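Here's coords-v2.cif, which has mmCIF, C-alpha atoms and all ligand atoms:
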data_entry
#
loop_
_atom_site.group_PDB
_atom_site.id
_atom_site.type_symbol
_atom_site.label_atom_id
_atom_site.label_comp_id
_atom_site.auth_asym_id
_atom_site.auth_seq_id
_atom_site.Cartn_x
_atom_site.Cartn_y
_atom_site.Cartn_z
ATOM 1 C CA MET K 1 262.818 -9.348 -116.900
ATOM 2 C CA ALA K 2 262.517 -5.541 -116.862
ATOM 3 C CA ARG K 3 263.367 -5.586 -120.567
ATOM 4 C CA ILE K 4 259.837 -6.656 -121.496
ATOM 5 C CA LEU K 5 258.416 -3.473 -119.917
ATOM 6 C CA PRO K 6 258.163 -0.085 -121.649
ATOM 7 C CA LEU K 7 260.890 1.724 -119.694
ATOM 8 C CA ARG K 8 261.085 4.969 -121.661
ATOM 9 C CA GLY K 9 258.571 7.698 -122.285
ATOM 10 C CA GLU K 10 257.825 11.381 -122.040
ATOM 11 C CA GLY K 11 259.830 13.113 -119.313
ATOM 12 C CA VAL K 12 261.883 10.030 -118.410
ATOM 13 C CA VAL K 13 265.442 11.267 -117.843
ATOM 14 C CA LEU K 14 266.631 8.078 -116.115
ATOM 15 C CA SER K 15 264.540 4.908 -115.885
ATOM 16 C CA VAL K 16 264.887 1.507 -114.164
ATOM 17 C CA GLY K 17 268.437 0.555 -113.128
ATOM 18 C CA ASP K 18 269.606 3.228 -110.707
ATOM 19 C CA ASP K 19 268.632 3.932 -107.098
ATOM 20 C CA ALA K 20 265.683 6.015 -108.301
ATOM 21 C CA ALA K 21 264.217 7.361 -111.524
ATOM 22 C CA LEU K 22 264.734 10.922 -112.768
ATOM 23 C CA LEU K 23 261.555 12.424 -114.183
ATOM 24 C CA ARG K 24 260.848 15.820 -115.723
ATOM 25 C CA PRO K 25 257.342 17.164 -115.020
ATOM 26 C CA PRO K 26 255.619 18.649 -118.091
ATOM 27 C CA ALA K 27 255.551 22.470 -118.104
ATOM 28 C CA GLY K 28 252.198 24.062 -117.286
ATOM 29 C CA GLU K 29 250.693 20.853 -115.966
ATOM 30 C CA VAL K 30 250.084 19.408 -112.537
ATOM 31 C CA LEU K 31 251.072 15.847 -111.681
ATOM 32 C CA VAL K 32 248.376 13.339 -110.705
ATOM 33 C CA ALA K 33 249.521 10.420 -108.523
ATOM 34 C CA THR K 34 247.715 7.317 -107.321
ATOM 35 C CA VAL K 35 248.570 3.925 -105.828
ATOM 36 C CA ASP K 36 246.655 0.661 -105.770
ATOM 37 C CA GLU K 37 247.585 -2.859 -104.772
ATOM 38 C CA VAL K 38 246.123 -6.183 -105.898
ATOM 39 C CA VAL K 39 246.585 -9.209 -103.656
ATOM 40 C CA GLU K 40 246.046 -12.888 -104.420
ATOM 41 C CA GLY K 41 242.974 -14.223 -102.644
ATOM 42 C CA VAL K 42 241.551 -10.715 -102.203
ATOM 43 C CA HIS K 43 241.499 -9.163 -105.680
ATOM 44 C CA PHE K 44 242.187 -12.172 -107.887
ATOM 45 C CA ASP K 45 242.136 -15.961 -107.688
ATOM 46 C CA ALA K 46 243.050 -19.022 -109.763
ATOM 47 C CA ARG K 47 240.628 -17.999 -112.537
ATOM 48 C CA PHE K 48 243.032 -15.186 -113.442
ATOM 49 C CA THR K 49 245.986 -16.023 -115.664
ATOM 50 C CA PRO K 50 249.280 -14.426 -114.564
ATOM 51 C CA ALA K 51 248.964 -12.005 -117.501
ATOM 52 C CA ASP K 52 245.434 -11.051 -116.363
ATOM 53 C CA ILE K 53 246.847 -10.170 -112.927
ATOM 54 C CA GLY K 54 249.516 -7.909 -114.423
ATOM 55 C CA TRP K 55 247.024 -6.268 -116.773
ATOM 56 C CA LYS K 56 244.429 -5.590 -114.109
ATOM 57 C CA ALA K 57 246.903 -4.228 -111.555
ATOM 58 C CA MET K 58 247.965 -1.575 -114.067
ATOM 59 C CA ALA K 59 244.453 -0.963 -115.442
ATOM 60 C CA VAL K 60 242.921 -0.120 -112.048
ATOM 61 C CA ASN K 61 245.584 2.543 -111.494
ATOM 62 C CA LEU K 62 245.112 3.956 -114.978
ATOM 63 C CA SER K 63 241.383 4.125 -114.284
ATOM 64 C CA ASP K 64 242.071 6.456 -111.358
ATOM 65 C CA LEU K 65 244.151 8.691 -113.652
ATOM 66 C CA ALA K 66 241.270 8.624 -116.165
ATOM 67 C CA ALA K 67 238.835 9.741 -113.472
ATOM 68 C CA MET K 68 241.032 12.807 -112.856
ATOM 69 C CA GLY K 69 241.186 13.680 -116.561
ATOM 70 C CA ALA K 70 244.924 12.923 -116.634
ATOM 71 C CA ARG K 71 247.138 11.411 -119.287
ATOM 72 C CA PRO K 72 249.393 8.643 -117.981
ATOM 73 C CA LEU K 73 253.160 9.187 -117.729
ATOM 74 C CA TRP K 74 255.047 6.978 -115.272
ATOM 75 C CA ALA K 75 254.509 3.919 -113.088
ATOM 76 C CA LEU K 76 256.447 2.355 -110.219
ATOM 77 C CA VAL K 77 255.806 -1.309 -109.529
ATOM 78 C CA ALA K 78 256.337 -3.315 -106.324
ATOM 79 C CA LEU K 79 255.917 -7.052 -106.786
ATOM 80 C CA ALA K 80 255.915 -9.605 -103.953
ATOM 81 C CA PHE K 81 255.474 -13.367 -104.202
ATOM 82 C CA PRO K 82 256.034 -16.522 -102.159
ATOM 83 C CA GLY K 83 259.407 -18.253 -102.580
ATOM 84 C CA GLU K 84 257.936 -21.307 -104.332
ATOM 85 C CA THR K 85 256.338 -19.261 -107.161
ATOM 86 C CA PRO K 86 257.460 -20.603 -110.577
ATOM 87 C CA ALA K 87 259.471 -18.144 -112.663
ATOM 88 C CA ARG K 88 257.021 -18.520 -115.570
ATOM 89 C CA ARG K 89 254.193 -17.228 -113.360
ATOM 90 C CA ILE K 90 256.179 -14.076 -112.602
ATOM 91 C CA LEU K 91 257.071 -13.679 -116.268
ATOM 92 C CA GLY K 92 253.353 -13.999 -117.093
ATOM 93 C CA VAL K 93 252.459 -11.227 -114.632
ATOM 94 C CA MET K 94 255.133 -8.973 -116.157
ATOM 95 C CA THR K 95 253.894 -9.746 -119.663
ATOM 96 C CA GLY K 96 250.335 -8.643 -118.794
ATOM 97 C CA LEU K 97 251.688 -5.564 -117.040
ATOM 98 C CA ALA K 98 253.779 -4.690 -120.098
ATOM 99 C CA ALA K 99 250.824 -5.180 -122.471
ATOM 100 C CA CYS K 100 248.516 -2.882 -120.500
ATOM 101 C CA SER K 101 251.283 -0.284 -120.058
ATOM 102 C CA ARG K 102 252.069 -0.222 -123.784
ATOM 103 C CA ARG K 103 248.409 -0.116 -124.796
ATOM 104 C CA HIS K 104 247.826 2.972 -122.679
ATOM 105 C CA GLY K 105 251.193 4.688 -123.083
ATOM 106 C CA ILE K 106 252.637 4.627 -119.566
ATOM 107 C CA ALA K 107 256.344 4.019 -118.890
ATOM 108 C CA VAL K 108 257.466 1.774 -116.030
ATOM 109 C CA VAL K 109 260.345 3.744 -114.500
ATOM 110 C CA GLY K 110 261.054 1.828 -111.321
ATOM 111 C CA GLY K 111 260.257 -1.280 -109.373
ATOM 112 C CA ASN K 112 260.974 -3.566 -106.494
ATOM 113 C CA VAL K 113 260.698 -7.324 -106.090
ATOM 114 C CA SER K 114 260.430 -9.068 -102.720
ATOM 115 C CA ARG K 115 259.269 -12.254 -101.035
ATOM 116 C CA GLY K 116 255.766 -12.127 -99.584
ATOM 117 C CA PRO K 117 253.081 -14.436 -98.168
ATOM 118 C CA ALA K 118 250.948 -14.128 -101.342
ATOM 119 C CA LEU K 119 251.420 -12.785 -104.834
ATOM 120 C CA SER K 120 250.769 -9.050 -104.745
ATOM 121 C CA LEU K 121 251.389 -6.176 -107.062
ATOM 122 C CA ALA K 122 251.381 -2.565 -105.835
ATOM 123 C CA ILE K 123 251.558 0.078 -108.546
ATOM 124 C CA THR K 124 252.033 3.805 -108.216
ATOM 125 C CA ALA K 125 250.934 5.617 -111.352
ATOM 126 C CA VAL K 126 251.664 9.251 -112.157
ATOM 127 C CA GLY K 127 249.982 11.294 -114.863
ATOM 128 C CA ALA K 128 249.610 14.937 -115.791
ATOM 129 C CA VAL K 129 246.749 17.296 -116.519
ATOM 130 C CA PRO K 130 246.852 20.935 -117.640
ATOM 131 C CA GLU K 131 246.589 23.267 -114.641
ATOM 132 C CA GLY K 132 242.952 23.945 -113.753
ATOM 133 C CA ARG K 133 241.486 21.145 -115.878
ATOM 134 C CA ALA K 134 241.662 18.195 -113.479
ATOM 135 C CA LEU K 135 238.390 16.396 -112.809
ATOM 136 C CA THR K 136 237.574 15.859 -109.137
ATOM 137 C CA ARG K 137 234.691 14.225 -107.285
ATOM 138 C CA SER K 138 233.565 17.447 -105.679
ATOM 139 C CA GLY K 139 232.378 19.690 -108.522
ATOM 140 C CA ALA K 140 228.848 18.378 -109.200
ATOM 141 C CA ARG K 141 226.022 20.888 -108.693
ATOM 142 C CA ALA K 142 222.266 20.521 -108.332
ATOM 143 C CA GLY K 143 220.816 20.530 -111.854
ATOM 144 C CA ASP K 144 223.798 18.758 -113.444
ATOM 145 C CA LEU K 145 223.235 15.615 -115.469
ATOM 146 C CA LEU K 146 224.752 12.303 -114.376
ATOM 147 C CA LEU K 147 226.593 10.618 -117.260
ATOM 148 C CA GLY K 148 228.215 7.198 -117.401
ATOM 149 C CA SER K 149 230.617 5.588 -119.878
ATOM 150 C CA GLY K 150 230.303 2.087 -121.326
ATOM 151 C CA VAL K 151 228.167 -0.562 -119.648
ATOM 152 C CA PHE K 152 227.766 -1.683 -116.044
ATOM 153 C CA GLY K 153 227.737 -5.015 -114.248
ATOM 154 C CA ASP K 154 229.705 -7.176 -116.692
ATOM 155 C CA ALA K 155 232.702 -7.464 -114.361
ATOM 156 C CA ALA K 156 230.566 -8.742 -111.474
ATOM 157 C CA LEU K 157 228.797 -11.309 -113.657
ATOM 158 C CA GLY K 158 232.245 -12.277 -114.938
ATOM 159 C CA MET K 159 232.918 -13.748 -111.467
ATOM 160 C CA LEU K 160 230.093 -16.296 -111.780
ATOM 161 C CA ARG K 161 230.905 -19.916 -112.509
ATOM 162 C CA GLY K 162 230.737 -20.571 -116.249
ATOM 163 C CA ALA K 163 230.591 -16.853 -117.091
ATOM 164 C CA ALA K 164 230.486 -16.015 -120.811
ATOM 165 C CA PRO K 165 233.957 -15.065 -122.104
ATOM 166 C CA ALA K 166 232.818 -11.487 -122.790
ATOM 167 C CA LEU K 167 231.866 -11.077 -119.109
ATOM 168 C CA ALA K 168 234.944 -12.856 -117.711
ATOM 169 C CA ARG K 169 237.134 -10.647 -119.856
ATOM 170 C CA ARG K 170 235.609 -7.491 -118.435
ATOM 171 C CA GLN K 171 236.421 -8.785 -114.944
ATOM 172 C CA ARG K 172 240.014 -9.709 -115.734
ATOM 173 C CA ARG K 173 241.005 -7.136 -118.373
ATOM 174 C CA PRO K 174 239.185 -3.891 -117.592
ATOM 175 C CA THR K 175 239.585 -0.951 -119.982
ATOM 176 C CA PRO K 176 240.561 2.293 -118.254
ATOM 177 C CA ARG K 177 238.618 5.175 -119.838
ATOM 178 C CA LEU K 178 241.676 7.381 -120.277
ATOM 179 C CA LEU K 179 240.672 8.943 -123.596
ATOM 180 C CA LEU K 180 237.227 9.881 -122.313
ATOM 181 C CA GLY K 181 238.620 11.353 -119.091
ATOM 182 C CA ARG K 182 241.000 13.563 -121.037
ATOM 183 C CA ALA K 183 238.339 14.514 -123.589
ATOM 184 C CA LEU K 184 236.016 15.672 -120.808
ATOM 185 C CA ALA K 185 238.653 17.362 -118.608
ATOM 186 C CA GLY K 186 237.731 21.035 -118.398
ATOM 187 C CA LEU K 187 234.185 20.233 -119.610
ATOM 188 C CA ALA K 188 232.691 17.899 -117.003
ATOM 189 C CA ARG K 189 232.278 19.376 -113.524
ATOM 190 C CA ALA K 190 233.101 16.181 -111.594
ATOM 191 C CA ALA K 191 234.091 12.579 -112.186
ATOM 192 C CA ILE K 192 234.803 9.290 -110.429
ATOM 193 C CA ASP K 193 235.679 5.827 -111.694
ATOM 194 C CA VAL K 194 233.492 2.898 -110.679
ATOM 195 C CA SER K 195 235.560 0.423 -108.702
ATOM 196 C CA ASP K 196 233.263 -0.316 -105.746
ATOM 197 C CA GLY K 197 229.926 -0.347 -107.570
ATOM 198 C CA LEU K 198 227.810 2.186 -109.453
ATOM 199 C CA VAL K 199 225.615 3.204 -106.509
ATOM 200 C CA GLN K 200 228.445 3.248 -103.983
ATOM 201 C CA ASP K 201 230.826 5.328 -106.105
ATOM 202 C CA LEU K 202 228.005 7.646 -107.133
ATOM 203 C CA GLY K 203 227.426 8.117 -103.397
ATOM 204 C CA HIS K 204 231.076 9.131 -102.953
ATOM 205 C CA MET K 205 230.726 11.686 -105.735
ATOM 206 C CA ALA K 206 227.453 13.098 -104.387
ATOM 207 C CA ALA K 207 228.881 13.359 -100.854
ATOM 208 C CA ALA K 208 232.084 15.067 -102.046
ATOM 209 C CA SER K 209 229.991 17.525 -104.069
ATOM 210 C CA GLY K 210 227.415 18.185 -101.321
ATOM 211 C CA VAL K 211 224.475 17.210 -103.541
ATOM 212 C CA SER K 212 222.167 14.211 -103.985
ATOM 213 C CA ALA K 213 222.116 11.931 -107.021
ATOM 214 C CA VAL K 214 219.124 10.367 -108.751
ATOM 215 C CA LEU K 215 219.969 7.256 -110.776
ATOM 216 C CA GLU K 216 217.310 6.052 -113.229
ATOM 217 C CA ALA K 217 217.668 2.262 -113.320
ATOM 218 C CA GLU K 218 216.146 1.884 -116.814
ATOM 219 C CA ARG K 219 218.836 4.139 -118.247
ATOM 220 C CA ILE K 220 221.796 2.044 -117.036
ATOM 221 C CA PRO K 221 223.496 0.668 -120.175
ATOM 222 C CA LEU K 222 223.803 -3.142 -120.103
ATOM 223 C CA SER K 223 225.702 -5.350 -122.538
ATOM 224 C CA PRO K 224 223.942 -8.120 -124.519
ATOM 225 C CA ALA K 225 225.983 -10.684 -122.525
ATOM 226 C CA TYR K 226 224.797 -9.078 -119.291
ATOM 227 C CA ARG K 227 221.149 -9.233 -120.341
ATOM 228 C CA ARG K 228 221.430 -12.892 -121.318
ATOM 229 C CA ARG K 229 223.054 -13.901 -118.025
ATOM 230 C CA ALA K 230 221.084 -11.646 -115.700
ATOM 231 C CA ARG K 231 217.726 -13.021 -116.842
ATOM 232 C CA ARG K 232 218.580 -16.148 -114.842
ATOM 233 C CA LEU K 233 219.387 -14.198 -111.654
ATOM 234 C CA ALA K 234 216.945 -13.442 -108.862
ATOM 235 C CA ASP K 235 217.762 -9.754 -109.049
ATOM 236 C CA PRO K 236 218.815 -8.941 -112.610
ATOM 237 C CA LEU K 237 219.958 -5.394 -111.849
ATOM 238 C CA SER K 238 222.032 -5.960 -108.730
ATOM 239 C CA ALA K 239 225.303 -6.664 -110.567
ATOM 240 C CA ALA K 240 224.960 -3.410 -112.520
ATOM 241 C CA LEU K 241 224.021 -1.372 -109.441
ATOM 242 C CA SER K 242 226.359 -2.860 -106.844
ATOM 243 C CA GLY K 243 228.730 -5.260 -108.588
ATOM 244 C CA GLY K 244 231.850 -3.135 -108.784
ATOM 245 C CA GLU K 245 235.036 -3.303 -110.845
ATOM 246 C CA ASP K 246 233.455 -1.924 -114.008
ATOM 247 C CA TYR K 247 236.095 0.827 -114.177
ATOM 248 C CA GLU K 248 233.678 3.011 -116.099
ATOM 249 C CA LEU K 249 233.517 6.755 -115.437
ATOM 250 C CA LEU K 250 230.635 8.623 -113.836
ATOM 251 C CA LEU K 251 230.551 12.316 -114.677
ATOM 252 C CA ALA K 252 228.584 15.418 -113.763
ATOM 253 C CA VAL K 253 227.895 17.689 -116.728
ATOM 254 C CA ALA K 254 225.874 20.908 -116.900
ATOM 255 C CA PRO K 255 222.807 20.338 -119.143
ATOM 256 C CA GLY K 256 224.036 22.992 -121.593
ATOM 257 C CA ASP K 257 227.315 21.107 -122.026
ATOM 258 C CA LEU K 258 225.664 17.782 -122.912
ATOM 259 C CA PRO K 259 226.046 18.184 -126.718
ATOM 260 C CA ALA K 260 229.758 19.030 -126.329
ATOM 261 C CA ALA K 261 230.245 16.058 -123.978
ATOM 262 C CA ARG K 262 228.511 13.717 -126.428
ATOM 263 C CA ALA K 263 230.656 15.026 -129.294
ATOM 264 C CA ALA K 264 233.837 14.587 -127.227
ATOM 265 C CA ALA K 265 232.856 10.987 -126.386
ATOM 266 C CA ARG K 266 232.174 10.250 -130.060
ATOM 267 C CA ARG K 267 235.617 11.587 -130.980
ATOM 268 C CA VAL K 268 237.255 9.061 -128.644
ATOM 269 C CA ARG K 269 234.774 6.308 -129.631
ATOM 270 C CA THR K 270 233.532 5.790 -126.089
ATOM 271 C CA PRO K 271 229.850 5.196 -125.319
ATOM 272 C CA LEU K 272 228.421 7.854 -122.988
ATOM 273 C CA ALA K 273 224.863 7.840 -121.627
ATOM 274 C CA VAL K 274 222.722 10.003 -119.375
ATOM 275 C CA LEU K 275 221.955 7.944 -116.251
ATOM 276 C CA GLY K 276 220.221 10.525 -114.076
ATOM 277 C CA ARG K 277 220.794 13.896 -112.432
ATOM 278 C CA PHE K 278 222.058 15.688 -109.373
ATOM 279 C CA GLU K 279 219.745 17.556 -107.018
ATOM 280 C CA GLU K 280 219.866 19.525 -103.765
ATOM 281 C CA GLY K 281 220.254 17.289 -100.713
ATOM 282 C CA SER K 282 222.361 14.237 -100.001
ATOM 283 C CA GLY K 283 222.591 10.520 -100.796
ATOM 284 C CA VAL K 284 221.686 8.439 -103.834
ATOM 285 C CA ARG K 285 218.152 7.565 -104.919
ATOM 286 C CA VAL K 286 217.695 4.798 -107.467
ATOM 287 C CA VAL K 287 214.370 4.996 -109.273
ATOM 288 C CA ALA K 288 212.712 2.534 -111.668
ATOM 289 C CA GLY K 289 209.528 3.548 -113.425
ATOM 290 C CA GLY K 290 209.479 6.666 -111.255
ATOM 291 C CA ARG K 291 209.416 4.572 -108.046
ATOM 292 C CA PRO K 292 212.280 4.170 -105.558
ATOM 293 C CA LEU K 293 214.280 0.945 -105.730
ATOM 294 C CA GLU K 294 216.049 -0.579 -102.743
ATOM 295 C CA VAL K 295 219.713 -1.295 -103.493
ATOM 296 C CA PRO K 296 221.801 -4.037 -101.884
ATOM 297 C CA PRO K 297 225.006 -2.943 -100.124
ATOM 298 C CA GLY K 298 228.291 -2.602 -102.020
ATOM 299 C CA HIS K 299 230.869 -4.729 -103.510
ATOM 300 C CA ASP K 300 233.242 -7.356 -102.189
ATOM 301 C CA HIS K 301 236.143 -8.422 -104.453
ATOM 302 C CA LEU K 302 235.928 -12.064 -105.559
ATOM 303 C CA ARG K 303 232.320 -12.369 -104.413
ATOM 304 C CA ALA K 304 230.030 -12.961 -107.358
ATOM 305 C CA PRO K 305 226.398 -11.841 -107.254
ATOM 306 C CA ALA K 306 224.227 -14.477 -105.578
ATOM 307 C CA PRO K 307 222.714 -17.045 -107.933
ATOM 308 C CA PRO K 308 218.953 -17.501 -107.634
ATOM 309 C CA GLY K 309 218.004 -19.504 -104.547
ATOM 310 C CA PRO K 310 214.869 -19.707 -102.380
ATOM 311 C CA SER K 311 215.916 -16.840 -100.110
ATOM 312 C CA ALA K 312 217.110 -14.694 -102.989
ATOM 313 C CA ARG K 313 213.832 -15.316 -104.762
ATOM 314 C CA ARG K 314 211.848 -14.235 -101.711
ATOM 315 C CA ARG K 315 213.911 -11.076 -101.479
ATOM 316 C CA ALA K 316 213.401 -10.372 -105.148
ATOM 317 C CA THR K 317 209.630 -10.757 -104.841
ATOM 318 C CA ARG K 318 209.549 -8.347 -101.955
ATOM 319 C CA ARG K 319 211.654 -5.834 -103.834
ATOM 320 C CA ALA K 320 209.806 -6.347 -107.109
ATOM 321 C CA ALA K 321 212.947 -6.006 -109.186
ATOM 322 C CA PRO K 322 212.126 -4.586 -112.615
ATOM 323 C CA PRO K 323 212.536 -6.981 -115.548
ATOM 324 C CA LEU K 324 215.317 -6.304 -118.043
HETATM 325 MG MG MG O 401 238.927 5.596 -108.163
#
Would you kindly transcribe this structure into structure tokens?
Amino acid sequence: MARILPLRGEGVVLSVGDDAALLRPPAGEVLVATVDEVVEGVHFDARFTPADIGWKAMAVNLSDLAAMGARPLWALVALAFPGETPARRILGVMTGLAACSRRHGIAVVGGNVSRGPALSLAITAVGAVPEGRALTRSGARAGDLLLGSGVFGDAALGMLRGAAPALARRQRRPTPRLLLGRALAGLARAAIDVSDGLVQDLGHMAAASGVSAVLEAERIPLSPAYRRRARRLADPLSAALSGGEDYELLLAVAPGDLPAARAAARRVRTPLAVLGRFEEGSGVRVVAGGRPLEVPPGHDHLRAPAPPGPSARRRATRRAAPPL
């Protein structure tokens, strides 16, 4: 089954098949390592095809490499599944894993398969970034602009029953922003990828940097599919603000570097928008029309945003959510 995976790549001296892999670190670069696990019933359910599961498990790790400005090199994969799992389900997971790995140029150099109570996939991904150019969460300064890639909230709306295919796809097959992360390494002052929700992850970045963040709700880029679906929700912005799993990048950029950042994003064909700014202080303020907006708490995997109901409607009236 390992044959369907990309086993070779830069720096791979010895890949899958021995007790451990032999890997040569690139000269002049530092290694960037991350691990993430997806578990059936927690991170995915029956709406995911086996290939979706494999794709997403790799993509969420690659997104963390992207947030550090790294290029992907090597991955180690630990797969567990219950004894009664059909072989074609496992093959499907591996096929999705292989597709995402090939698309983004990472070699799978080792793995382990075991029995487990539920299907789970734990991936360790290693990348590299030139010394001194890694993006971290902690470099934002008061006066910096807050930039965001792509669009927000599609993945959360993709969890709703009957979600449009464009939204469901963003939930099941996220695109790690590797090219943008690398293009902005050494230019942006700080970065984070949005896994837990725009406001929550922005909060992590602000806290690590010792500054406050101001997010202007009207500036958050939304897809056409998002706008169509969210019009029927009690709070049309909550999926974009708190939904999670967008795997977009948030970046802090000095105002003078904005033209260079925009040019870099154009080169890698990735949308990049100004969403707000960083200031002295702490915490995140979301403003709409210059007025503060209350934001619901963060993200829970597999929990879609609440459909409109009487209580949700009351809440929305009180909060006076801005129209899209
Ligand atoms: Mg992350």
- Item | Within 7 Å of ligand MG 401 (chain O) (all atoms listed in the file), residues as an MDAnalysis selection string | chainID K and resid 63:64 67 192:195
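Around Pro26 of chain K, within 8 Å and counting all atoms listed in the file, the residues found are Gly11, Arg24, Gly28, Glu29, Val30 and Ala128 of chain K, once anything fewer than 2 positions away on its own chain is removed.
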- Query: Expanded to explicit residues, what is the PyMOL selection byres (((chain K and resi 187) around 8) and not hetatm) for this file, as a list in words?
  - Reply: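 Selected by the PyMOL selection byres (((chain K and resi 187) around 8) and not hetatm) in this file: Leu184, Ala185, Gly186, Ala188, Arg189, Val253, Asp257 and Ala261 of chain K.
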- Message: Just checking: using all atoms listed in the file, which residue out of K:Val39, K:Ala288, K:Leu23, K:Leu233 ends up closest to Ala80 of chain K?
- Response: K:Val39
- Query: What does the distance from atom CA of Val108 of chain K to atom CA of Met94 of chain K come to in Å, to one decimal?
  - Reply: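 Atom CA of Met94 of chain K lies 11.0 Å from atom CA of Val108 of chain K.
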- Query: To one decimal place, how far is atom CA of Asp45 of chain K from atom CA of Leu157 of chain K in Å?
  - Reply: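 Interatomic distance, atom CA of Asp45 of chain K to atom CA of Leu157 of chain K: 15.3 Å.
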Taking the file as shown, what set of residues would the PyMOL selection byres (((chain K and resi 211-228) around 6) and not hetatm) give back, as a short mmCIF file (atom, residue, chain, number, x, y, z; two decimals) with C-alpha atoms, in the coordinates of the input?
data_model
loop_
_atom_site.label_atom_id
_atom_site.label_comp_id
_atom_site.auth_asym_id
_atom_site.auth_seq_id
_atom_site.Cartn_x
_atom_site.Cartn_y
_atom_site.Cartn_z
CA VAL K 151 228.17 -0.56 -119.65
CA PHE K 152 227.77 -1.68 -116.04
CA ASP K 154 229.70 -7.18 -116.69
CA ALA K 206 227.45 13.10 -104.39
CA SER K 209 229.99 17.52 -104.07
CA GLY K 210 227.42 18.18 -101.32
CA ARG K 229 223.05 -13.90 -118.02
CA ALA K 230 221.08 -11.65 -115.70
CA ARG K 231 217.73 -13.02 -116.84
CA LEU K 275 221.96 7.94 -116.25
CA GLY K 276 220.22 10.52 -114.08
CA ARG K 277 220.79 13.90 -112.43
CA PHE K 278 222.06 15.69 -109.37
CA GLU K 279 219.74 17.56 -107.02
CA GLU K 280 219.87 19.52 -103.76
CA GLY K 281 220.25 17.29 -100.71
CA SER K 282 222.36 14.24 -100.00
CA GLY K 283 222.59 10.52 -100.80
CA VAL K 284 221.69 8.44 -103.83
CA ARG K 285 218.15 7.56 -104.92
CA VAL K 286 217.70 4.80 -107.47
CA VAL K 287 214.37 5.00 -109.27
CA ALA K 288 212.71 2.53 -111.67
#
- Message: I'd like to know which of K:Arg269, K:Arg262, K:Arg161, K:Arg170 is closest to Gly244 of chain K, using all atoms listed in the file.
- Response: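 Among the listed residues, the smallest separation from Gly244 of chain K belongs to K:Arg170.
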- Among listed residues K:Ala239, K:Ala234, K:Cys100, K:Val93, nearest Pro50 of chain K (using all atoms listed in the file): K:Val93
- Item | the PyMOL selection byres (((chain K and resi 167) around 9) and not hetatm) resolved against shown file, as a list in words |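 For this structure, the PyMOL selection byres (((chain K and resi 167) around 9) and not hetatm) resolves to Gly153, Asp154, Ala155, Ala156, Leu157, Gly158, Met159, Ala163, Ala164, Pro165, Ala166, Ala168, Arg169, Arg170, Gln171, Arg172, Ala225 and Tyr226 of chain K.
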Would you export the selected residues with C-alpha atoms as a compact mmCIF listing (two decimals), keeping the file's coordinate frame, please?
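And here is the file that came out, part.txt:
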# COMPACT_ATOMS: atom_id res chain seq x y z
CA GLY K 153 227.74 -5.01 -114.25
CA ASP K 154 229.70 -7.18 -116.69
CA ALA K 155 232.70 -7.46 -114.36
CA ALA K 156 230.57 -8.74 -111.47
CA LEU K 157 228.80 -11.31 -113.66
CA GLY K 158 232.24 -12.28 -114.94
CA MET K 159 232.92 -13.75 -111.47
CA ALA K 163 230.59 -16.85 -117.09
CA ALA K 164 230.49 -16.02 -120.81
CA PRO K 165 233.96 -15.06 -122.10
CA ALA K 166 232.82 -11.49 -122.79
CA ALA K 168 234.94 -12.86 -117.71
CA ARG K 169 237.13 -10.65 -119.86
CA ARG K 170 235.61 -7.49 -118.44
CA GLN K 171 236.42 -8.78 -114.94
CA ARG K 172 240.01 -9.71 -115.73
CA ALA K 225 225.98 -10.68 -122.52
CA TYR K 226 224.80 -9.08 -119.29
- Task: Could you please determine the separation between atom CA of Val60 of chain K and atom CA of Arg232 of chain K in Å, to one decimal place?
- Result: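 Separating atom CA of Val60 of chain K from atom CA of Arg232 of chain K is a distance of 29.3 Å.
With distances restricted to all atoms listed in the file, K:Ala191 is the closest residue to Thr136 of chain K from K:Leu62, K:Ala78, K:Val16, K:Ala191.
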- Query: With distances taken over all atoms listed in the file, which of K:Ala265, K:Val295, K:Thr124, K:Pro82 is nearest to Gly197 of chain K?
  - Reply: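 Using all atoms listed in the file, Gly197 of chain K sits closest to K:Val295.
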- Message: Which residues are near Val268 of chain K? Cut-off 12 Å, all atoms listed in the file, ignore same chain within fewer than 4 positions. Put them as a list in words.
- Response: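 Result of the neighbour search: Ser149, Arg177, Leu178, Leu179, Leu180, Gly181, Arg182, Ala183, Leu184, Ala261, Arg262, Ala263, Ala264 and Leu272 of chain K.
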Keeping C-alpha atoms for every residue in the selection just given, could you write it to a file as a PDB file, keeping the file's coordinate frame?
ATOM      1  CA  SER K 149     230.617   5.588-119.878  1.00  0.00           C
ATOM      2  CA  ARG K 177     238.618   5.175-119.838  1.00  0.00           C
ATOM      3  CA  LEU K 178     241.676   7.381-120.277  1.00  0.00           C
ATOM      4  CA  LEU K 179     240.672   8.943-123.596  1.00  0.00           C
ATOM      5  CA  LEU K 180     237.227   9.881-122.313  1.00  0.00           C
ATOM      6  CA  GLY K 181     238.620  11.353-119.091  1.00  0.00           C
ATOM      7  CA  ARG K 182     241.000  13.563-121.037  1.00  0.00           C
ATOM      8  CA  ALA K 183     238.339  14.514-123.589  1.00  0.00           C
ATOM      9  CA  LEU K 184     236.016  15.672-120.808  1.00  0.00           C
ATOM     10  CA  ALA K 261     230.245  16.058-123.978  1.00  0.00           C
ATOM     11  CA  ARG K 262     228.511  13.717-126.428  1.00  0.00           C
ATOM     12  CA  ALA K 263     230.656  15.026-129.294  1.00  0.00           C
ATOM     13  CA  ALA K 264     233.837  14.587-127.227  1.00  0.00           C
ATOM     14  CA  LEU K 272     228.421   7.854-122.988  1.00  0.00           C
TER      15      LEU K 272
END
Where is the centre and how long are the edges: axis-aligned box on segment 256-272 of chain K, 6 Å on each side, Å to one decimal, as lines of an AutoDock Vina configuration file:
center_x = 230.6
center_y = 14.1
center_z = -126.3
size_x = 25.2
size_y = 29.8
size_z = 21.4
